[in-house]
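Structure first, commentary second.
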Amino acid sequence: MHVRQNQKNLTSAQKKRFTAAVLELKRSGAYDALVRTHDKYFVPDRDRKLRVGHMSPSFFPWHRLYLLEFEKQLRQIDPSVSVPYWDWTTDTSPVSSLWADDFLGGTGRATDRKVMTGPFAYDKGDWTVTVGITESAFLTRNLGRPQNPIALPTPAELQWAIDDPVYDVSPWDSTATAGGFRNKLEGWAAPRSERWRNHNKVHQWIGGHMTGGTAPNDPAFWLHHAFVDLIWDRWQRKHPRSGYLPAAPLPLGDLQRGRVIALDEPMPPWNVTPREVLGHQGQYRYE
């Protein structure tokens, strides 16, 4: 069992090994295959297809499997590597160590949002964006969106989601108004004065490639979602009697039938059910 650490506690050697493994995965073509997977399963409410990755109850278990696949491939390159997590409620500065030259690199330049520093800068020659039809070949970011500032989620905003004892509610999408932990944490349940909270707000704060279905083009994606995975753990510990919903397939006549995943229905592309990944004991732990 390996350990996922808070990124702020990584040593210089650990950062170097992590970024080296990510770069090797990119060179092999496997990284871009993972980006295409996320894009394929990024299905919005308005589509009448199955929603498994976003705007649906399977948001947490689907991304748990997705991170595990990424981590497995990294560890085949370097068994000492695991995915670190970024606590965006406490490490909130665009100039924190997360964005340093020896780790993820910094924000994009003002003219075109092109990332100029760190191992994933296009000019280093090792990180060309190939997935995304209208996006640039270079990685883009706009940390904090200075021209129209946005703040990262606060501890209170995160607690607002964790305190909800109900996992998810009908209609099981981004429009649910009766609460639900999943919708509040994913970031759709917000007052009219603010469009995003929590997970979605982090994507908007980073900007650039992180704002669309091909968000994993930015390696920051994995650290963000490792924290989302840890938050799911925290919610489960706080509400031990609250389970994944919907527990059973939706009835005939429900407009969401066939569009959301119930507890024992398989999630593509892995053919694994949410029940099978409600926990991760024996695989990894957080510290």
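Identifiers in the structure tokens: chain A, B, ... in order shown; residue index from 1 per chain; ligand index from 1 in order shown.
The strand (DSSP E or B) portion of region 53-284 of chain A consists of Tyr85, Gly108, Lys114, Val115, Thr140, Met267, Val272 and Tyr284 of chain A, with states taken from DSSP on the backbone.
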Checklist entry - Could you pull out all residues of region 51-259 of chain A with a DSSP call of helix (DSSP H, G or I) and give them as a PyMOL selection string? => result chain A and resi 59-77+97-99+122-124+155-162+181-186+198-206+208-211+215-217+220-238
Write the residues of the preceding selection, restricted to C-alpha atoms, as a short mmCIF file (atom, residue, chain, number, x, y, z; two decimals), in the first residue's frame.
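Output below, filename again_27.cif:
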```cif
data_model
loop_
_atom_site.label_atom_id
_atom_site.label_comp_id
_atom_site.auth_asym_id
_atom_site.auth_seq_id
_atom_site.Cartn_x
_atom_site.Cartn_y
_atom_site.Cartn_z
CA PHE A 59 -18.31 11.69 -10.20
CA PHE A 60 -16.38 10.38 -7.16
CA PRO A 61 -16.01 6.66 -7.96
CA TRP A 62 -15.28 7.33 -11.64
CA HIS A 63 -12.47 9.73 -10.82
CA ARG A 64 -11.13 7.35 -8.16
CA LEU A 65 -10.69 4.71 -10.85
CA TYR A 66 -9.27 7.27 -13.25
CA LEU A 67 -6.63 8.40 -10.74
CA LEU A 68 -5.78 4.80 -9.94
CA GLU A 69 -5.18 4.09 -13.62
CA PHE A 70 -2.88 7.11 -13.90
CA GLU A 71 -1.07 6.18 -10.70
CA LYS A 72 -0.63 2.57 -11.79
CA GLN A 73 1.01 3.69 -15.01
CA LEU A 74 3.30 6.12 -13.16
CA ARG A 75 4.34 3.39 -10.72
CA GLN A 76 5.21 1.07 -13.59
CA ILE A 77 7.76 3.71 -14.56
CA SER A 97 5.76 25.89 -4.03
CA LEU A 98 3.17 23.97 -6.07
CA TRP A 99 3.76 26.38 -8.97
CA TYR A 122 6.19 23.93 -24.16
CA ASP A 123 9.55 25.57 -24.84
CA LYS A 124 11.30 22.82 -22.88
CA PRO A 155 -12.47 26.05 4.22
CA ALA A 156 -16.07 27.16 4.95
CA GLU A 157 -17.18 26.42 1.37
CA LEU A 158 -15.64 22.98 1.56
CA GLN A 159 -17.21 22.30 4.96
CA TRP A 160 -20.60 23.38 3.55
CA ALA A 161 -20.37 20.44 1.15
CA ILE A 162 -18.97 17.91 3.64
CA PHE A 181 -22.80 16.35 -1.13
CA ARG A 182 -21.79 15.38 -4.66
CA ASN A 183 -23.33 18.40 -6.34
CA LYS A 184 -22.03 20.80 -3.69
CA LEU A 185 -18.51 19.42 -3.89
CA GLU A 186 -18.41 19.09 -7.66
CA ASN A 198 -15.31 23.85 -4.66
CA HIS A 199 -14.09 21.46 -7.43
CA ASN A 200 -15.32 23.55 -10.37
CA LYS A 201 -13.99 26.75 -8.87
CA VAL A 202 -10.48 25.27 -8.71
CA HIS A 203 -10.59 24.48 -12.43
CA GLN A 204 -11.65 28.07 -13.13
CA TRP A 205 -8.96 29.49 -10.82
CA ILE A 206 -6.22 27.65 -12.71
CA GLY A 208 -6.35 27.69 -19.46
CA HIS A 209 -6.57 24.00 -20.31
CA MET A 210 -8.05 23.18 -16.90
CA THR A 211 -11.41 24.72 -17.86
CA ALA A 215 -8.32 19.37 -18.32
CA PRO A 216 -5.82 16.53 -17.65
CA ASN A 217 -3.57 18.17 -20.26
CA ALA A 220 -2.24 20.00 -11.89
CA PHE A 221 -5.45 18.08 -12.63
CA TRP A 222 -4.20 14.98 -10.80
CA LEU A 223 -3.22 16.83 -7.62
CA HIS A 224 -6.57 18.59 -7.60
CA HIS A 225 -8.50 15.35 -8.00
CA ALA A 226 -6.42 13.50 -5.43
CA PHE A 227 -7.68 16.08 -2.93
CA VAL A 228 -11.24 15.58 -4.21
CA ASP A 229 -10.79 11.86 -3.58
CA LEU A 230 -9.55 12.57 -0.04
CA ILE A 231 -12.59 14.80 0.55
CA TRP A 232 -14.86 11.88 -0.36
CA ASP A 233 -13.05 9.89 2.35
CA ARG A 234 -13.69 12.67 4.85
CA TRP A 235 -17.38 12.78 3.98
CA GLN A 236 -17.71 9.01 4.40
CA ARG A 237 -16.10 9.17 7.85
CA LYS A 238 -18.38 12.03 8.91
#
```
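Taking CA of Arg197 (chain A) as the reference point, CA of Phe103 (chain A) is found at 26.2 Å.
Taking CA of Leu245 (chain A) as the reference point, CA of Gly187 (chain A) is found at 17.7 Å.
With CA of Trp86 (chain A) on one side and CA of Gln7 (chain A) on the other, the separation reads 5.8 Å.
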Item to check | Near-region 15-19 of chain A list (8 Å; only C-alpha atoms; drop same-chain fewer than 6 positions) as a ChimeraX atom specification | outcome: /A:78,81-83,102-104,119
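The shortest atom-to-atom distance to Ser96 (chain A), with only C-alpha atoms taken into account, belongs to A:Lys8 out of A:Arg285, A:His280, A:Lys8, A:Arg145.
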Checklist entry - Within 8 Å of region 91-95 of chain A, counting only C-alpha atoms, which residues qualify if same-chain residues fewer than 4 places away don't, as an MDAnalysis selection string? => result chainID A and resid 86:87 99:100 106:107 143:144 152
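Checking A:Thr130, A:Ser58, A:Thr214, A:Asn142 one by one against Lys114 (chain A), counting only C-alpha atoms, you find the shortest gap at A:Asn142.
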Checklist entry - Given the choices A:Arg241, A:His38, A:His2, A:His54, which gets closest to Tyr167 (chain A) if the distance is worked out from only C-alpha atoms? => result A:Arg241
